[in-house]
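Novice: This is the structure I have questions about; it appears just below.
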Amino acid sequence: MMRTQRAKIKIGESYRGITICSLKDRADPKDFVLFCSDGQSTEAFASEYFRARSNNSLWFVGADCSNEHRNAEYVVGRDSPRFEEHELFFTQTLLEWTESTLGIHHDRDRAAVFGYSCGGAFAASMGIRNPEKYGAIFAFSIAGRPIADFELEPSSSVADVNFYFRSGSREPGGMRSYMARLGKWLTRAGSHVDISVNPGGHEFALWSNALNESIERAVPMSHNI
């Protein structure tokens with residue numbers, strides 16, 4: 001049975017809700033952590049995953065988005081100070097909290113980021129900007145531009161990151177074409193990029209099914225959970 005825990009972590013002058021979902025009460029230091037943007041939906045995604053798969057070494061750790069400044073925090077270029085504050089929270093504060101509270105030792109090969117829509121743009125950005133922190137990135141229905149200028153050369157440091165991009169057949173064509181361009185840009189640096197267009201629109205069912213499938217693909221590349 002899935003277990004859900006909730007906590008709050010300080011970011012700036014406020015607190016951000018955290019949702020933790022797993023199949024066990026206590027973590028092993030070598031467990032795999034999927035860090036989720038839009039943490040309010042973490043329990044729903046975890047429930048769908050654990051209903052189908054009894055993976056007791058996987059933990060979902062979701063950080064709530066800002067109700068007021070979600071796009072600014074998730075999309076590069078909308079509001080640089082807000083984005084960078086949230087990036088630091090997600091890549092440092094949340095990782096340290098996971099280690100100290102859950103007891104899971106952070107290892108990039110056992111850490112991934114998941115996001116959809118603007119959260120998908122954020123997930124992609126975290127892999128591109130912080131390749132030393134995460135081994136796999138699940139970025140779905142990317143809404144926003146993690147990279148605005150594809151003439152720039154990608155850093156060779158992203159070569160060790162596995163990117164999983166998904167979009168829906170009923171989503172805007174521009175969303176799918178940007179995803180394809182971003183994938184080609186990353187392959188120039190040697191990244192593993194797994195792209196597909198799946199049946200569906202901008203909706204939970206698309207993202208949930210894609211997440212379950214992508215986790216199965218990513219785990220062997222992340223030294224098996």
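Identifiers in the structure tokens: chain A, B, ... in order shown; residue index from 1 per chain; ligand index from 1 in order shown.
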Could you pull out the strand (DSSP E or B) residues of segment 38-174 of chain A from DSSP and send them as a PyMOL selection string?

Specialist: chain A and resi 58-63+111-116+136-140+162-168

Novice: Within 7 Å of Ser37 of chain A, counting only C-alpha atoms, which residues qualify if same-chain residues fewer than 2 places away don't, as a list in words?

Specialist: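 What passes the distance filter is Phe35, Gly39, Gly62, Ala63, Asp64, Cys65, Phe114, Gly115 and Gly119 of chain A.
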
Novice: Can you write just those residues out, C-alpha atoms, as a short mmCIF file (atom, residue, chain, number, x, y, z; two decimals), in the first residue's frame?

Specialist:
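The resulting part_14.cif:
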data_model
loop_
_atom_site.label_atom_id
_atom_site.label_comp_id
_atom_site.auth_asym_id
_atom_site.auth_seq_id
_atom_site.Cartn_x
_atom_site.Cartn_y
_atom_site.Cartn_z
CA PHE A 35 11.89 14.78 -7.70
CA GLY A 39 4.16 18.73 -6.15
CA GLY A 62 7.27 16.57 -4.98
CA ALA A 63 7.70 20.26 -4.29
CA ASP A 64 4.57 22.39 -4.61
CA CYS A 65 4.57 25.11 -7.22
CA PHE A 114 9.79 14.94 -13.55
CA GLY A 115 7.60 17.77 -14.83
CA GLY A 119 6.99 22.02 -15.10
#

Novice: Could you please determine the separation between atom CA of Leu206 of chain A and atom CA of Met175 of chain A in Å, to one decimal place?

Specialist: 14.6 Å

Novice: What are the DSSP helix (DSSP H, G or I) residues of segment 45-224 of chain A, as number ranges by chain?

Specialist: A: 45-52, 70-74, 80-102, 108-110, 118-129, 156-160, 173-187, 204-222

Novice: Need the shell around segment 11-16 of chain A: protein/DNA/RNA residues with any atom at most 12 Å away, counting only C-alpha atoms. Skip same-chain ones fewer than 6 positions apart. Format as an mmCIF file with C-alpha atoms, in the first residue's frame?

Specialist:
data_model
loop_
_atom_site.group_PDB
_atom_site.id
_atom_site.type_symbol
_atom_site.label_atom_id
_atom_site.label_comp_id
_atom_site.auth_asym_id
_atom_site.auth_seq_id
_atom_site.Cartn_x
_atom_site.Cartn_y
_atom_site.Cartn_z
ATOM 1 C CA SER A 37 7.663 19.754 -9.974
ATOM 2 C CA ASP A 38 4.014 20.713 -9.369
ATOM 3 C CA GLY A 39 4.159 18.725 -6.151
ATOM 4 C CA GLN A 40 0.420 19.104 -5.531
ATOM 5 C CA GLY A 62 7.272 16.565 -4.982
ATOM 6 C CA ALA A 63 7.699 20.264 -4.286
ATOM 7 C CA ASP A 64 4.570 22.388 -4.609
ATOM 8 C CA CYS A 65 4.572 25.111 -7.222
ATOM 9 C CA SER A 66 3.865 28.730 -6.373
ATOM 10 C CA ASN A 67 0.201 29.510 -6.910
ATOM 11 C CA PRO A 81 15.528 36.203 -9.752
ATOM 12 C CA ARG A 82 12.447 34.039 -9.040
ATOM 13 C CA GLU A 84 17.107 31.195 -9.784
ATOM 14 C CA GLU A 85 15.743 31.257 -6.221
ATOM 15 C CA HIS A 86 13.504 28.296 -7.000
ATOM 16 C CA GLU A 87 16.289 26.485 -8.860
ATOM 17 C CA LEU A 88 18.515 26.782 -5.773
ATOM 18 C CA PHE A 89 15.658 25.547 -3.587
ATOM 19 C CA PHE A 90 15.028 22.555 -5.852
ATOM 20 C CA GLN A 92 20.141 22.259 -3.107
ATOM 21 C CA THR A 93 17.633 22.765 -0.284
ATOM 22 C CA LEU A 94 15.322 19.939 -1.376
#

Novice: Counting only C-alpha atoms, which of A:Glu132, A:Asp79, A:Asp28, A:Asp194 gets nearest to Leu102 of chain A?

Specialist: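 Looking only at the distances to Leu102 of chain A, the closest residue turns out to be A:Asp28.
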
Novice: Show me, as a PyMOL selection string, the residues that have an atom within 7 Å of Tyr74 of chain A when counting only C-alpha atoms, minus same-chain residues fewer than 4 positions from it.

Specialist: chain A and resi 70+83+118-119+121-122

Novice: Those residues with N, CA and C atoms, as a JSON list (two decimals), in the first residue's frame please?

Specialist:
[["chain", "number", "residue", "atom", "x", "y", "z"],
["A", 70, "ARG", "N", 4.06, 30.51, -10.62],
["A", 70, "ARG", "CA", 4.48, 29.22, -11.17],
["A", 70, "ARG", "C", 5.31, 29.38, -12.44],
["A", 83, "PHE", "N", 13.22, 32.55, -10.80],
["A", 83, "PHE", "CA", 13.65, 31.26, -11.33],
["A", 83, "PHE", "C", 14.88, 30.75, -10.59],
["A", 118, "CYS", "N", 4.64, 23.71, -18.04],
["A", 118, "CYS", "CA", 5.72, 24.59, -17.60],
["A", 118, "CYS", "C", 6.68, 23.83, -16.68],
["A", 119, "GLY", "N", 6.14, 22.88, -15.93],
["A", 119, "GLY", "CA", 6.99, 22.02, -15.10],
["A", 119, "GLY", "C", 7.89, 21.15, -15.95],
["A", 121, "ALA", "N", 9.20, 22.21, -18.80],
["A", 121, "ALA", "CA", 10.29, 23.12, -19.15],
["A", 121, "ALA", "C", 11.28, 23.21, -18.00],
["A", 122, "PHE", "N", 10.76, 23.24, -16.77],
["A", 122, "PHE", "CA", 11.63, 23.31, -15.60],
["A", 122, "PHE", "C", 12.47, 22.04, -15.47]]

Novice: I'd like the interatomic distance between atom CA of Pro131 of chain A and atom CA of Trp59 of chain A, to a tenth of an Å.

Specialist: 20.3 Å

Novice: Measuring atom to atom with only C-alpha atoms, identify which of A:Glu48, A:Glu68, A:Glu203, A:Glu73 is nearest to Ser125 of chain A.

Specialist: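 Among the listed residues, the smallest separation from Ser125 of chain A belongs to A:Glu73.
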
Novice: Given the choices A:Val158, A:Cys21, A:Ile215, A:Ala52, which gets closest to Ala7 of chain A if the distance is worked out from only C-alpha atoms?

Specialist: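 Among A:Val158, A:Cys21, A:Ile215, A:Ala52, it is A:Cys21 that comes nearest to Ala7 of chain A.
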
Novice: For atom CA of Met179 of chain A and atom CA of Val197 of chain A, quote the distance in Å rounded to one decimal.

Specialist: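 Computing the Euclidean distance for atom CA of Met179 of chain A and atom CA of Val197 of chain A yields 9.8 Å.
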
Novice: For Glu99 of chain A, list every protein, DNA or RNA residue within 12 Å, evaluated using only C-alpha atoms, and leave out those in the same chain fewer than 5 positions away; present the list as a list of chain:residue names.

Specialist: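 Within the cut-off, the hits are A:Ala27, A:Asp28, A:Pro29, A:Lys30, A:Asp31, A:Phe32, A:Val33, A:Val61, A:Gln92, A:Thr93, A:Leu94, A:Ile104, A:His105, A:His106, A:Asp107, A:Ala111.
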
Novice: Counting only C-alpha atoms, figure out which residue out of A:Arg145, A:Ser169, A:Ser208, A:Ala180 gets nearest to Gly77 of chain A.

Specialist: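 Going through A:Arg145, A:Ser169, A:Ser208, A:Ala180 one by one, the smallest distance to Gly77 of chain A is for A:Arg145.
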